Amino acid sequence: MERENAWKKYNAEAIASLEGVSARYRAFLDGGKTERECVKEAVALAEKNGYIDLEEAVNAGRRLQPGDKVYSNCMGKSIMLFHLGATPLEKGINIVGAHIDSPRIDIKQNPFYEDTDIAYADTHYYGGIKKYQWVARALALHGVVVKKDGTVVDIVIGEDENDPVVGVSDLLIHLAQEQMGKKLSEGVTGEGLDIIMGGRPLDGEEKEAVKAQMLALLKERYGIEEEDMLSAEIEAVPAEKARDFGLDRSMILGYGHDDRVCAYAQLEAMQTLPAVPKYTCCCLLADKEEIGSVGATGMRAHYFENAMAELIALTCDSYSELTLRRALKNSRMLSCDVSAGFDPLYANVFEKKNAAILGRGVCFNKFTGSRGKSGSNDANAEFLGKVRRVMDDNGVFWQTAELGKVDVGGGGTIAYICALYGMEVVDSGVSVLSMHAPQEIINKADLYEAFKGYAAFLKDAE
Ligand code: MN
Ligand code: MN
């Protein structure tokens, strides 16, 4: 049951197409280092492709027809694209869903202090990180500061070549005897991830002059005061751009493959649909997956069913709750999230014949979870049978996998939340090396096959 490496079967045309998707994906990664930036990129792409804002359609009382394309932006942090199909919504829709938040370090509300002529920003990390990986590296600051009058100030520091970067210092090896004897999980602490912001005192300032200099610069460039940080969301992320990886350029090294690689494959897949697809197709990009899909922009919130309700109201003669429930129950979904790629250097945590191998195509995980599938969706065999047929009929390279050996650990996705509606859902994604590290690795063939697989699913699943 060994699956084949997709590269072996590509002709020149396929490789040109693969490199096109890869280049556009690298640009998407560079432009989208936070969930807010990914939503902005998705909106720009959608509008370029003829999508209109669902809210505007609702406000205008505009009737929607098969072939119409709308997007619904939830608080600028999650987004859904809908391409209306020929079949009534009641019969269900085809959904591909991914998340656009990634592990990072967030700035605290009261962050700034000065110690021994160095100005710092205190932080609270977001998602599952190995803290030691985030020290001694260039970080950029991305986010928003909202002033009391409601003005939203966008912040990006460290992406332009001429920008300064910031970062967290590490203890020198010469004095690290005690630190090096600690467990990896304790060598660097969460409270120890304070970001160096400055090192030069402000002229004429007596007290905390270095911090004063940093605040003066923030005020000069962005017009913000220290107190404005109370209503801000600033994320420290790796400052590097995504790069081709490996001498053969077969892979991509970058920040946030989890799960922007699936998100981007979905966005490209939506662009391949016929003018009027058979079923309505949806690309769903959720926030907050890395902290449990919580909050108003996480998958547990109701924005997806709210958007479906609006679509029913704009396409049916009268709105009915029963029609909405049927539409949700009859839908089919790929919950698209990255999978752990088999790493020969850490082979002992994988069960090789049920591991995702880089380059062997888009991966399907019947279940995820940990300790006996706990927290897993565990897709129905009947649905997997249909998905297999769609993939094979469309010449997609695909494989199946579990996230490591049974007793070693595990993880979850948004699949179980969408399954609550009674729809068919299976996990599917791109395999990643160094998942959740500041720089993760994927194989371009897996990105390309995910794009092909999601396009095939949207078009043909029923
Ligand atoms: Mn993920
Ligand atoms: Mn993750």
# chains A, B, ... in the order shown; residues from 1 in each chain; ligands from 1
$ residues_around --residues "Ala415 in chain A" --least-positions-apart "6" --cutoff "7 Å" --atoms "only C-alpha atoms" --output "list in words"
Ser335, Asn377, Val425, Val426 and Asp427 of chain A
$ closest_atom_pairs --of "chain A" --to "ligand 2" --cutoff "7 Å" --atoms "only C-alpha atoms and all ligand atoms" --output "CSV"
residue,atom,partner,partner_atom_place_in_ligand_line,distance
A:Ser102,CA,ligand 2,1 (Mn),6.7
A:Asp258,CA,ligand 2,1 (Mn),5.5
A:Asp259,CA,ligand 2,1 (Mn),6.9
A:Glu290,CA,ligand 2,1 (Mn),5.4
A:His436,CA,ligand 2,1 (Mn),6.2
$ residues_around --residues "Thr151 in chain A" --least-positions-apart "5" --cutoff "12 Å" --atoms "only C-alpha atoms" --output "list in words"
Val144, Val145, Val146, Tyr222, Gly223, Ile224, Asp228, Ser231 and Ala232 of chain A
$ closest_residue --among "A:Cys281, A:Ile234, A:Gln439, A:Arg325" --to "Val153 in chain A" --atoms "only C-alpha atoms"
A:Ile234
$ closest_residue --among "A:Lys352, A:Ser17, A:Ala27, A:Leu230" --to "Lys147 in chain A" --atoms "only C-alpha atoms"
A:Leu230
$ closest_residue --among "A:Val349, A:Leu420, A:Val338, A:Val408" --to "ligand 1" --atoms "only C-alpha atoms and all ligand atoms"
A:Val338
$ residues_around --residues "Gly92 in chain A" --least-positions-apart "2" --cutoff "7 Å" --atoms "only C-alpha atoms" --output "list of chain:residue names"
A:Leu89, A:Glu90, A:Ala327, A:Leu328, A:Lys329, A:Asn330, A:Ser331
$ write_last_selection --atoms "all heavy atoms" --output "short mmCIF file (atom, residue, chain, number, x, y, z; two decimals), in the first residue's frame"
data_model
loop_
_atom_site.label_atom_id
_atom_site.label_comp_id
_atom_site.auth_asym_id
_atom_site.auth_seq_id
_atom_site.Cartn_x
_atom_site.Cartn_y
_atom_site.Cartn_z
N LEU A 89 -29.19 25.32 -1.83
CA LEU A 89 -28.34 25.17 -0.63
C LEU A 89 -28.81 24.04 0.27
O LEU A 89 -28.01 23.37 0.92
CB LEU A 89 -28.33 26.49 0.16
CG LEU A 89 -27.61 27.66 -0.52
CD1 LEU A 89 -27.95 28.96 0.19
CD2 LEU A 89 -26.11 27.43 -0.52
N GLU A 90 -30.12 23.82 0.28
CA GLU A 90 -30.71 22.77 1.13
C GLU A 90 -30.08 21.41 0.90
O GLU A 90 -30.04 20.56 1.79
CB GLU A 90 -32.22 22.73 0.83
CG GLU A 90 -33.01 21.86 1.77
CD GLU A 90 -34.52 22.02 1.56
OE1 GLU A 90 -34.94 22.85 0.74
OE2 GLU A 90 -35.26 21.29 2.23
N ALA A 327 -29.27 22.34 5.03
CA ALA A 327 -28.10 22.76 4.24
C ALA A 327 -26.81 22.37 4.96
O ALA A 327 -25.87 21.85 4.35
CB ALA A 327 -28.14 24.26 3.99
N LEU A 328 -26.79 22.59 6.28
CA LEU A 328 -25.59 22.25 7.06
C LEU A 328 -25.40 20.74 7.12
O LEU A 328 -24.31 20.22 6.89
CB LEU A 328 -25.69 22.85 8.47
CG LEU A 328 -25.67 24.38 8.54
CD1 LEU A 328 -26.09 24.87 9.92
CD2 LEU A 328 -24.28 24.92 8.18
N LYS A 329 -26.47 20.03 7.42
CA LYS A 329 -26.39 18.56 7.58
C LYS A 329 -25.98 17.87 6.28
O LYS A 329 -25.25 16.89 6.30
CB LYS A 329 -27.74 18.03 8.05
CG LYS A 329 -27.81 16.51 8.14
CD LYS A 329 -29.21 16.01 8.45
CE LYS A 329 -30.06 15.84 7.21
NZ LYS A 329 -29.94 14.60 6.50
N ASN A 330 -26.45 18.39 5.15
CA ASN A 330 -26.18 17.73 3.87
C ASN A 330 -24.85 18.13 3.25
O ASN A 330 -24.54 17.72 2.13
CB ASN A 330 -27.32 18.04 2.88
CG ASN A 330 -28.62 17.34 3.30
OD1 ASN A 330 -28.59 16.28 3.90
ND2 ASN A 330 -29.75 17.96 3.00
N SER A 331 -24.06 18.95 3.96
CA SER A 331 -22.81 19.43 3.37
C SER A 331 -21.68 18.42 3.51
O SER A 331 -21.76 17.47 4.30
CB SER A 331 -22.42 20.77 4.00
OG SER A 331 -23.32 21.78 3.59
#
$ residues_around --residues "Arg300 in chain A" --least-positions-apart "6" --cutoff "12 Å" --atoms "only C-alpha atoms" --output "list in words"
Ala286, Asp287, Lys288, Glu289, Ile291, Gly292, Ser293, Val294, Thr413, Ile414, Ala415, Tyr416, Ile417, Cys418, Ala419, Leu420 and Tyr421 of chain A
$ residues_around --residues "range 68-80 of chain A" --least-positions-apart "5" --cutoff "6 Å" --atoms "only C-alpha atoms" --output "PyMOL selection string"
chain A and resi 35-36+51-54+283-287+297
$ atom_distance --atom1 "CA of Asp337 in chain A" --atom2 "CA of Thr34 in chain A"
16.7 Å
$ select_by_dssp --residues "range 318-433 of chain A" --states "helix (DSSP H, G or I)" --output "number ranges by chain"
A: 321-329, 344-349, 352-354, 381-393, 415-421
$ write_last_selection --atoms "C-alpha atoms" --output "compact mmCIF listing (two decimals), in the first residue's frame"
# COMPACT_ATOMS: atom_id res chain seq x y z
CA GLU A 321 -34.51 27.48 10.01
CA LEU A 322 -35.22 23.98 8.73
CA THR A 323 -33.68 24.82 5.35
CA LEU A 324 -30.56 26.06 7.15
CA ARG A 325 -30.26 22.88 9.21
CA ARG A 326 -30.70 20.73 6.13
CA ALA A 327 -28.10 22.76 4.24
CA LEU A 328 -25.59 22.25 7.06
CA LYS A 329 -26.39 18.56 7.58
CA PRO A 344 13.92 10.31 9.42
CA LEU A 345 15.89 12.12 12.15
CA TYR A 346 13.03 11.47 14.58
CA ALA A 347 11.78 8.20 13.12
CA ASN A 348 11.08 6.74 16.57
CA VAL A 349 7.94 8.88 17.08
CA LYS A 352 6.18 4.61 9.21
CA LYS A 353 3.50 2.92 7.12
CA ASN A 354 0.88 5.27 8.59
CA ALA A 381 -15.53 5.17 6.01
CA GLU A 382 -18.41 5.84 3.59
CA PHE A 383 -17.26 9.43 3.14
CA LEU A 384 -13.61 8.42 2.78
CA GLY A 385 -14.67 6.03 0.03
CA LYS A 386 -16.26 8.93 -1.89
CA VAL A 387 -13.23 11.15 -1.34
CA ARG A 388 -10.90 8.40 -2.62
CA ARG A 389 -12.93 8.17 -5.81
CA VAL A 390 -12.91 11.96 -6.37
CA MET A 391 -9.13 12.11 -5.85
CA ASP A 392 -8.39 9.16 -8.15
CA ASP A 393 -10.81 10.35 -10.87
CA ALA A 415 -13.04 19.04 11.92
CA TYR A 416 -14.96 17.95 15.03
CA ILE A 417 -16.61 21.37 15.34
CA CYS A 418 -18.02 21.36 11.80
CA ALA A 419 -19.09 17.74 12.28
CA LEU A 420 -21.48 18.98 14.99
CA TYR A 421 -23.80 20.13 12.20
$ residues_around --residues "Gly372 in chain A" --least-positions-apart "3" --cutoff "12 Å" --atoms "only C-alpha atoms" --output "list of chain:residue names"
A:Phe367, A:Thr368, A:Gly369, A:Gly375, A:Ser376, A:Asp378, A:Lys405, A:Val406, A:Asp407, A:Val408, A:Gly409, A:Gly410, A:Gly411
$ write_last_selection --atoms "N, CA and C atoms" --output "mmCIF file, in the first residue's frame"
data_model
loop_
_atom_site.group_PDB
_atom_site.id
_atom_site.type_symbol
_atom_site.label_atom_id
_atom_site.label_comp_id
_atom_site.auth_asym_id
_atom_site.auth_seq_id
_atom_site.Cartn_x
_atom_site.Cartn_y
_atom_site.Cartn_z
ATOM 1 N N PHE A 367 -8.601 10.187 11.307
ATOM 2 C CA PHE A 367 -8.780 10.730 12.654
ATOM 3 C C PHE A 367 -7.502 11.412 13.099
ATOM 4 N N THR A 368 -7.667 12.288 14.078
ATOM 5 C CA THR A 368 -6.512 12.914 14.735
ATOM 6 C C THR A 368 -6.636 12.576 16.219
ATOM 7 N N GLY A 369 -6.450 13.547 17.108
ATOM 8 C CA GLY A 369 -6.659 13.316 18.536
ATOM 9 C C GLY A 369 -5.455 12.701 19.229
ATOM 10 N N GLY A 375 -10.744 13.627 21.239
ATOM 11 C CA GLY A 375 -10.764 14.935 20.588
ATOM 12 C C GLY A 375 -10.773 14.851 19.074
ATOM 13 N N SER A 376 -10.924 13.631 18.545
ATOM 14 C CA SER A 376 -10.866 13.456 17.097
ATOM 15 C C SER A 376 -12.247 13.495 16.462
ATOM 16 N N ASP A 378 -12.791 11.534 13.580
ATOM 17 C CA ASP A 378 -12.902 10.161 13.066
ATOM 18 C C ASP A 378 -13.957 10.047 11.969
ATOM 19 N N LYS A 405 3.089 8.029 16.392
ATOM 20 C CA LYS A 405 2.723 6.773 17.045
ATOM 21 C C LYS A 405 1.572 6.985 18.028
ATOM 22 N N VAL A 406 0.808 5.925 18.261
ATOM 23 C CA VAL A 406 -0.416 6.008 19.059
ATOM 24 C C VAL A 406 -0.192 6.644 20.435
ATOM 25 N N ASP A 407 0.820 6.215 21.156
ATOM 26 C CA ASP A 407 0.974 6.670 22.541
ATOM 27 C C ASP A 407 1.856 7.914 22.694
ATOM 28 N N VAL A 408 2.367 8.448 21.590
ATOM 29 C CA VAL A 408 3.390 9.497 21.709
ATOM 30 C C VAL A 408 2.816 10.890 21.954
ATOM 31 N N GLY A 409 1.681 11.191 21.345
ATOM 32 C CA GLY A 409 1.129 12.541 21.500
ATOM 33 C C GLY A 409 -0.122 12.670 20.672
ATOM 34 N N GLY A 410 -0.282 13.810 20.010
ATOM 35 C CA GLY A 410 -1.443 14.000 19.142
ATOM 36 C C GLY A 410 -1.744 15.446 18.918
ATOM 37 N N GLY A 411 -2.904 15.698 18.323
ATOM 38 C CA GLY A 411 -3.304 17.066 18.022
ATOM 39 C C GLY A 411 -4.714 17.078 17.485
#
$ atom_distance --atom1 "CA of Glu351 in chain A" --atom2 "CA of Gly404 in chain A"
6.2 Å
$ closest_residue --among "A:Glu161, A:Asp106, A:Asp244, A:Glu227" --to "Gly143 in chain A" --atoms "only C-alpha atoms"
A:Asp106
$ closest_residue --among "A:Ile441, A:Leu29, A:Leu175, A:Val276" --to "Ala242 in chain A" --atoms "only C-alpha atoms"
A:Leu29
$ closest_residue --among "A:Ser250, A:His83, A:Ser339, A:Arg243" --to "ligand 1" --atoms "only C-alpha atoms and all ligand atoms"
A:Ser339
$ decode --residues "range 88-104 of chain A" --atoms "all heavy atoms" --output "PDB file, in the first residue's frame"
ATOM      1  N   PRO A  88     -29.840  23.821  -5.053  1.00  0.00           N
ATOM      2  CA  PRO A  88     -30.257  24.609  -3.883  1.00  0.00           C
ATOM      3  C   PRO A  88     -29.398  24.307  -2.660  1.00  0.00           C
ATOM      4  O   PRO A  88     -28.947  23.165  -2.466  1.00  0.00           O
ATOM      5  CB  PRO A  88     -31.702  24.157  -3.657  1.00  0.00           C
ATOM      6  CG  PRO A  88     -32.170  23.640  -4.974  1.00  0.00           C
ATOM      7  CD  PRO A  88     -30.961  23.062  -5.649  1.00  0.00           C
ATOM      8  N   LEU A  89     -29.190  25.323  -1.826  1.00  0.00           N
ATOM      9  CA  LEU A  89     -28.342  25.175  -0.633  1.00  0.00           C
ATOM     10  C   LEU A  89     -28.811  24.037   0.269  1.00  0.00           C
ATOM     11  O   LEU A  89     -28.009  23.371   0.924  1.00  0.00           O
ATOM     12  CB  LEU A  89     -28.334  26.490   0.157  1.00  0.00           C
ATOM     13  CG  LEU A  89     -27.614  27.663  -0.517  1.00  0.00           C
ATOM     14  CD1 LEU A  89     -27.946  28.965   0.191  1.00  0.00           C
ATOM     15  CD2 LEU A  89     -26.109  27.430  -0.521  1.00  0.00           C
ATOM     16  N   GLU A  90     -30.119  23.815   0.285  1.00  0.00           N
ATOM     17  CA  GLU A  90     -30.715  22.772   1.131  1.00  0.00           C
ATOM     18  C   GLU A  90     -30.080  21.405   0.899  1.00  0.00           C
ATOM     19  O   GLU A  90     -30.044  20.559   1.787  1.00  0.00           O
ATOM     20  CB  GLU A  90     -32.218  22.727   0.832  1.00  0.00           C
ATOM     21  CG  GLU A  90     -33.014  21.861   1.773  1.00  0.00           C
ATOM     22  CD  GLU A  90     -34.523  22.018   1.555  1.00  0.00           C
ATOM     23  OE1 GLU A  90     -34.942  22.854   0.740  1.00  0.00           O
ATOM     24  OE2 GLU A  90     -35.262  21.286   2.228  1.00  0.00           O
ATOM     25  N   LYS A  91     -29.578  21.188  -0.318  1.00  0.00           N
ATOM     26  CA  LYS A  91     -28.968  19.884  -0.641  1.00  0.00           C
ATOM     27  C   LYS A  91     -27.528  19.797  -0.137  1.00  0.00           C
ATOM     28  O   LYS A  91     -26.836  18.811  -0.374  1.00  0.00           O
ATOM     29  CB  LYS A  91     -28.982  19.654  -2.158  1.00  0.00           C
ATOM     30  CG  LYS A  91     -30.365  19.661  -2.766  1.00  0.00           C
ATOM     31  CD  LYS A  91     -31.161  18.430  -2.330  1.00  0.00           C
ATOM     32  CE  LYS A  91     -32.536  18.433  -2.969  1.00  0.00           C
ATOM     33  NZ  LYS A  91     -33.473  17.547  -2.249  1.00  0.00           N
ATOM     34  N   GLY A  92     -27.046  20.853   0.503  1.00  0.00           N
ATOM     35  CA  GLY A  92     -25.684  20.829   1.039  1.00  0.00           C
ATOM     36  C   GLY A  92     -24.696  21.517   0.115  1.00  0.00           C
ATOM     37  O   GLY A  92     -24.966  21.726  -1.065  1.00  0.00           O
ATOM     38  N   ILE A  93     -23.549  21.885   0.671  1.00  0.00           N
ATOM     39  CA  ILE A  93     -22.511  22.569  -0.100  1.00  0.00           C
ATOM     40  C   ILE A  93     -21.176  21.842   0.112  1.00  0.00           C
ATOM     41  O   ILE A  93     -21.058  20.990   1.005  1.00  0.00           O
ATOM     42  CB  ILE A  93     -22.379  24.062   0.296  1.00  0.00           C
ATOM     43  CG1 ILE A  93     -21.774  24.220   1.704  1.00  0.00           C
ATOM     44  CG2 ILE A  93     -23.742  24.765   0.241  1.00  0.00           C
ATOM     45  CD1 ILE A  93     -21.409  25.665   2.048  1.00  0.00           C
ATOM     46  N   ASN A  94     -20.215  22.174  -0.729  1.00  0.00           N
ATOM     47  CA  ASN A  94     -18.875  21.587  -0.608  1.00  0.00           C
ATOM     48  C   ASN A  94     -17.938  22.611   0.028  1.00  0.00           C
ATOM     49  O   ASN A  94     -17.776  23.709  -0.493  1.00  0.00           O
ATOM     50  CB  ASN A  94     -18.347  21.167  -1.980  1.00  0.00           C
ATOM     51  CG  ASN A  94     -19.136  19.982  -2.539  1.00  0.00           C
ATOM     52  OD1 ASN A  94     -19.858  19.312  -1.794  1.00  0.00           O
ATOM     53  ND2 ASN A  94     -19.002  19.734  -3.832  1.00  0.00           N
ATOM     54  N   ILE A  95     -17.331  22.222   1.143  1.00  0.00           N
ATOM     55  CA  ILE A  95     -16.542  23.171   1.937  1.00  0.00           C
ATOM     56  C   ILE A  95     -15.096  22.701   2.066  1.00  0.00           C
ATOM     57  O   ILE A  95     -14.844  21.516   2.321  1.00  0.00           O
ATOM     58  CB  ILE A  95     -17.118  23.272   3.375  1.00  0.00           C
ATOM     59  CG1 ILE A  95     -18.621  23.561   3.334  1.00  0.00           C
ATOM     60  CG2 ILE A  95     -16.382  24.333   4.190  1.00  0.00           C
ATOM     61  CD1 ILE A  95     -19.337  23.225   4.631  1.00  0.00           C
ATOM     62  N   VAL A  96     -14.174  23.623   1.891  1.00  0.00           N
ATOM     63  CA  VAL A  96     -12.789  23.373   2.315  1.00  0.00           C
ATOM     64  C   VAL A  96     -12.480  24.410   3.394  1.00  0.00           C
ATOM     65  O   VAL A  96     -12.720  25.594   3.205  1.00  0.00           O
ATOM     66  CB  VAL A  96     -11.776  23.449   1.150  1.00  0.00           C
ATOM     67  CG1 VAL A  96     -11.866  22.209   0.268  1.00  0.00           C
ATOM     68  CG2 VAL A  96     -11.977  24.697   0.292  1.00  0.00           C
ATOM     69  N   GLY A  97     -11.990  23.958   4.546  1.00  0.00           N
ATOM     70  CA  GLY A  97     -11.767  24.880   5.670  1.00  0.00           C
ATOM     71  C   GLY A  97     -10.372  24.727   6.246  1.00  0.00           C
ATOM     72  O   GLY A  97      -9.897  23.609   6.443  1.00  0.00           O
ATOM     73  N   ALA A  98      -9.718  25.855   6.491  1.00  0.00           N
ATOM     74  CA  ALA A  98      -8.373  25.834   7.084  1.00  0.00           C
ATOM     75  C   ALA A  98      -8.296  26.925   8.147  1.00  0.00           C
ATOM     76  O   ALA A  98      -9.249  27.663   8.347  1.00  0.00           O
ATOM     77  CB  ALA A  98      -7.315  26.086   6.002  1.00  0.00           C
ATOM     78  N   HIS A  99      -7.161  27.025   8.843  1.00  0.00           N
ATOM     79  CA  HIS A  99      -7.011  28.136   9.790  1.00  0.00           C
ATOM     80  C   HIS A  99      -5.841  29.023   9.387  1.00  0.00           C
ATOM     81  O   HIS A  99      -4.887  28.558   8.750  1.00  0.00           O
ATOM     82  CB  HIS A  99      -6.894  27.647  11.238  1.00  0.00           C
ATOM     83  CG  HIS A  99      -5.634  26.914  11.570  1.00  0.00           C
ATOM     84  ND1 HIS A  99      -4.509  27.533  12.050  1.00  0.00           N
ATOM     85  CD2 HIS A  99      -5.320  25.595  11.512  1.00  0.00           C
ATOM     86  CE1 HIS A  99      -3.567  26.635  12.284  1.00  0.00           C
ATOM     87  NE2 HIS A  99      -4.025  25.451  11.952  1.00  0.00           N
ATOM     88  N   ILE A 100      -5.940  30.302   9.727  1.00  0.00           N
ATOM     89  CA  ILE A 100      -4.936  31.268   9.282  1.00  0.00           C
ATOM     90  C   ILE A 100      -4.188  31.909  10.442  1.00  0.00           C
ATOM     91  O   ILE A 100      -3.417  32.840  10.246  1.00  0.00           O
ATOM     92  CB  ILE A 100      -5.564  32.365   8.378  1.00  0.00           C
ATOM     93  CG1 ILE A 100      -6.852  32.900   9.002  1.00  0.00           C
ATOM     94  CG2 ILE A 100      -5.827  31.815   6.995  1.00  0.00           C
ATOM     95  CD1 ILE A 100      -7.465  34.052   8.224  1.00  0.00           C
ATOM     96  N   ASP A 101      -4.408  31.420  11.674  1.00  0.00           N
ATOM     97  CA  ASP A 101      -3.572  31.861  12.796  1.00  0.00           C
ATOM     98  C   ASP A 101      -2.414  30.880  12.930  1.00  0.00           C
ATOM     99  O   ASP A 101      -2.547  29.706  12.601  1.00  0.00           O
ATOM    100  CB  ASP A 101      -4.384  31.910  14.106  1.00  0.00           C
ATOM    101  CG  ASP A 101      -4.955  30.546  14.498  1.00  0.00           C
ATOM    102  OD1 ASP A 101      -5.478  29.831  13.601  1.00  0.00           O
ATOM    103  OD2 ASP A 101      -4.872  30.174  15.692  1.00  0.00           O
ATOM    104  N   SER A 102      -1.269  31.368  13.377  1.00  0.00           N
ATOM    105  CA  SER A 102      -0.087  30.516  13.562  1.00  0.00           C
ATOM    106  C   SER A 102       0.564  30.845  14.895  1.00  0.00           C
ATOM    107  O   SER A 102       0.403  31.955  15.411  1.00  0.00           O
ATOM    108  CB  SER A 102       0.922  30.753  12.427  1.00  0.00           C
ATOM    109  OG  SER A 102       0.374  30.378  11.181  1.00  0.00           O
ATOM    110  N   PRO A 103       1.316  29.891  15.451  1.00  0.00           N
ATOM    111  CA  PRO A 103       2.000  30.153  16.724  1.00  0.00           C
ATOM    112  C   PRO A 103       2.923  31.361  16.615  1.00  0.00           C
ATOM    113  O   PRO A 103       3.515  31.601  15.561  1.00  0.00           O
ATOM    114  CB  PRO A 103       2.815  28.871  16.954  1.00  0.00           C
ATOM    115  CG  PRO A 103       2.095  27.825  16.175  1.00  0.00           C
ATOM    116  CD  PRO A 103       1.548  28.531  14.970  1.00  0.00           C
ATOM    117  N   ARG A 104       3.029  32.115  17.697  1.00  0.00           N
ATOM    118  CA  ARG A 104       3.783  33.384  17.664  1.00  0.00           C
ATOM    119  C   ARG A 104       3.948  33.892  19.082  1.00  0.00           C
ATOM    120  O   ARG A 104       3.544  33.235  20.037  1.00  0.00           O
ATOM    121  CB  ARG A 104       3.006  34.401  16.833  1.00  0.00           C
ATOM    122  CG  ARG A 104       1.662  34.672  17.493  1.00  0.00           C
ATOM    123  CD  ARG A 104       0.700  35.482  16.682  1.00  0.00           C
ATOM    124  NE  ARG A 104      -0.423  35.861  17.498  1.00  0.00           N
ATOM    125  CZ  ARG A 104      -1.692  35.573  17.240  1.00  0.00           C
ATOM    126  NH1 ARG A 104      -2.016  34.895  16.181  1.00  0.00           N
ATOM    127  NH2 ARG A 104      -2.640  35.981  18.043  1.00  0.00           N
TER     128      ARG A 104
END
